[in-house]
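Coordinates from my_file-v3.cif are shown below (mmCIF, C-alpha atoms and all ligand atoms).
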data_final
#
loop_
_atom_site.group_PDB
_atom_site.id
_atom_site.type_symbol
_atom_site.label_atom_id
_atom_site.label_comp_id
_atom_site.auth_asym_id
_atom_site.auth_seq_id
_atom_site.Cartn_x
_atom_site.Cartn_y
_atom_site.Cartn_z
ATOM 1 C CA MET B 12 28.111 65.346 -19.922
ATOM 2 C CA LEU B 13 24.855 63.512 -20.496
ATOM 3 C CA LYS B 14 22.431 66.186 -21.651
ATOM 4 C CA LYS B 15 20.646 65.228 -24.853
ATOM 5 C CA ALA B 16 18.551 62.186 -23.984
ATOM 6 C CA VAL B 17 15.217 62.561 -22.192
ATOM 7 C CA GLU B 18 15.543 59.218 -20.468
ATOM 8 C CA LEU B 19 18.690 57.279 -19.797
ATOM 9 C CA PHE B 20 19.012 53.640 -18.846
ATOM 10 C CA CYS B 21 21.906 51.540 -17.657
ATOM 11 C CA ASN B 22 22.545 49.145 -20.538
ATOM 12 C CA SER B 23 23.834 46.439 -18.204
ATOM 13 C CA CYS B 24 21.041 46.143 -15.602
ATOM 14 C CA GLY B 25 18.309 48.132 -17.352
ATOM 15 C CA LYS B 26 17.901 50.520 -14.437
ATOM 16 C CA LYS B 27 16.479 53.918 -15.312
ATOM 17 C CA LEU B 28 18.857 56.662 -14.315
ATOM 18 C CA LYS B 29 17.392 59.433 -12.196
ATOM 19 C CA MET B 30 16.442 62.488 -14.220
ATOM 20 C CA GLU B 31 14.810 65.704 -13.046
ATOM 21 C CA ASN B 32 13.765 68.351 -15.555
ATOM 22 C CA GLY B 33 16.105 66.903 -18.142
ATOM 23 C CA ILE B 34 19.079 66.957 -15.783
ATOM 24 C CA LEU B 35 20.758 63.724 -14.815
ATOM 25 C CA LYS B 36 20.659 63.469 -11.010
ATOM 26 C CA GLU B 37 22.768 60.364 -10.889
ATOM 27 C CA ASP B 38 26.195 60.104 -12.422
ATOM 28 C CA ALA B 39 26.697 57.381 -14.988
ATOM 29 C CA PHE B 40 29.366 56.064 -17.286
ATOM 30 C CA GLU B 41 28.811 56.964 -20.925
ATOM 31 C CA ALA B 42 30.713 55.186 -23.672
ATOM 32 C CA VAL B 43 30.702 56.112 -27.338
ATOM 33 C CA LYS B 44 32.837 54.294 -29.849
ATOM 34 C CA GLU B 45 33.123 55.002 -33.560
ATOM 35 C CA TRP B 46 34.448 51.761 -34.975
ATOM 36 C CA GLY B 47 36.852 51.962 -37.857
ATOM 37 C CA TYR B 48 38.118 49.934 -40.758
ATOM 38 C CA PHE B 49 40.122 47.398 -38.763
ATOM 39 C CA SER B 50 37.106 46.232 -36.755
ATOM 40 C CA ASP B 51 34.044 44.096 -37.445
ATOM 41 C CA TRP B 52 31.854 47.205 -37.212
ATOM 42 C CA ASP B 53 33.361 49.629 -39.705
ATOM 43 C CA THR B 54 31.271 52.842 -39.933
ATOM 44 C CA GLN B 55 29.153 51.876 -36.885
ATOM 45 C CA VAL B 56 28.896 54.023 -33.782
ATOM 46 C CA HIS B 57 28.265 52.122 -30.550
ATOM 47 C CA ARG B 58 26.965 53.855 -27.457
ATOM 48 C CA PHE B 59 26.010 52.615 -24.002
ATOM 49 C CA ASN B 60 25.608 53.813 -20.445
ATOM 50 C CA LEU B 61 26.406 52.081 -17.188
ATOM 51 C CA CYS B 62 25.101 52.992 -13.752
ATOM 52 C CA GLU B 63 27.649 53.378 -10.990
ATOM 53 C CA GLU B 64 26.967 49.891 -9.598
ATOM 54 C CA CYS B 65 27.443 48.149 -12.956
ATOM 55 C CA TYR B 66 30.507 50.252 -13.678
ATOM 56 C CA LYS B 67 31.989 49.035 -10.386
ATOM 57 C CA LYS B 68 31.171 45.399 -11.194
ATOM 58 C CA ILE B 69 32.576 45.530 -14.711
ATOM 59 C CA THR B 70 35.743 47.463 -13.903
ATOM 60 C CA ALA B 71 36.377 45.170 -10.896
ATOM 61 C CA GLY B 72 36.895 42.356 -13.405
ATOM 62 C CA PHE B 73 39.623 44.223 -15.268
ATOM 63 C CA GLU B 74 43.065 42.654 -15.295
ATOM 64 C CA ILE B 75 44.607 46.130 -15.304
ATOM 65 C CA PRO B 76 42.682 48.610 -13.170
ATOM 66 C CA VAL B 77 41.051 51.760 -14.488
ATOM 67 C CA GLU B 78 43.454 54.667 -14.698
ATOM 68 C CA ILE B 79 42.389 57.257 -12.180
ATOM 69 C CA THR B 80 43.454 60.868 -12.157
ATOM 70 C CA THR B 81 42.035 63.672 -10.057
ATOM 71 C CA LYS B 82 40.584 66.699 -11.742
ATOM 72 C CA THR B 83 42.313 69.885 -10.784
ATOM 73 C CA GLU B 84 39.995 72.824 -10.528
ATOM 74 C CA VAL B 85 40.463 75.431 -13.250
ATOM 75 C CA LEU B 86 39.077 78.806 -12.304
HETATM 76 ZN ZN ZN B 101 23.347 49.162 -13.983
#

Let's see the structure in the file written out as structure tokens.
Ligand SMILES: [Zn+2]
Amino acid sequence: MLKKAVELFCNSCGKKLKMENGILKEDAFEAVKEWGYFSDWDTQVHRFNLCEECYKKITAGFEIPVEITTKTEVL
């Protein structure tokens, strides 16, 4: 979950994601990647957020669609 940041922006369109009292009121895609030795960015950590609209646009361009599973409720 996105809890730490005070303000969150969509990295693609720059839109500010809706926050109320430190709680994200709008769901967003959060990506964090720790690059390793076999990449150009060894030791770097990359992080970005995408709003729902940009997530739709970007994933729509995928050759292989996003894998979707449904969460089963654990009580
Ligand atoms: Zn966006």

Result set, the PyMOL selection byres (((not hetatm)) within 7 of (chain B and resi 101)) on current file, as a short mmCIF file (atom, residue, chain, number, x, y, z; two decimals) with C-alpha atoms, in the frame of the given file:
data_model
loop_
_atom_site.label_atom_id
_atom_site.label_comp_id
_atom_site.auth_asym_id
_atom_site.auth_seq_id
_atom_site.Cartn_x
_atom_site.Cartn_y
_atom_site.Cartn_z
CA CYS B 21 21.91 51.54 -17.66
CA ASN B 22 22.54 49.14 -20.54
CA SER B 23 23.83 46.44 -18.20
CA CYS B 24 21.04 46.14 -15.60
CA GLY B 25 18.31 48.13 -17.35
CA LYS B 26 17.90 50.52 -14.44
CA LEU B 61 26.41 52.08 -17.19
CA CYS B 62 25.10 52.99 -13.75
CA GLU B 63 27.65 53.38 -10.99
CA GLU B 64 26.97 49.89 -9.60
CA CYS B 65 27.44 48.15 -12.96
#

Q: Determine, counting all atoms listed in the file, every residue of protein, DNA or RNA that lies within 9 Å of (33.4, 51.0, -32.1) in the file coordinates, then give the result as an MDAnalysis selection string.
A: chainID B and resid 43:47 50:58

Practice task
Using the chain letters and numbering of this document, enumerate as a PyMOL selection string the residues selected by the PyMOL selection byres (((chain B and resi 19) around 12) and not hetatm).
Solution key: chain B and resi 13-18+20-22+25-31+33-41+58-62

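In this model, the gap between CA of Thr70 in chain B and CA of Ala42 in chain B comes to 13.4 Å.
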
(Q) As an exercise, work out the distance from CA of Lys67 in chain B to CA of Thr81 in chain B in Å and give it to one decimal place. (A)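 Distance between the two atoms: 17.8 Å.
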
From CA of Ile79 in chain B to CA of Phe49 in chain B the spacing works out at 28.4 Å

As lines of an AutoDock Vina configuration file: centre and edge lengths in Å, one decimal, of the axis-aligned box holding range 70-77 of chain B with 3 Å per side:
center_x = 40.2
center_y = 47.1
center_z = -13.1
size_x = 14.9
size_y = 15.4
size_z = 10.4
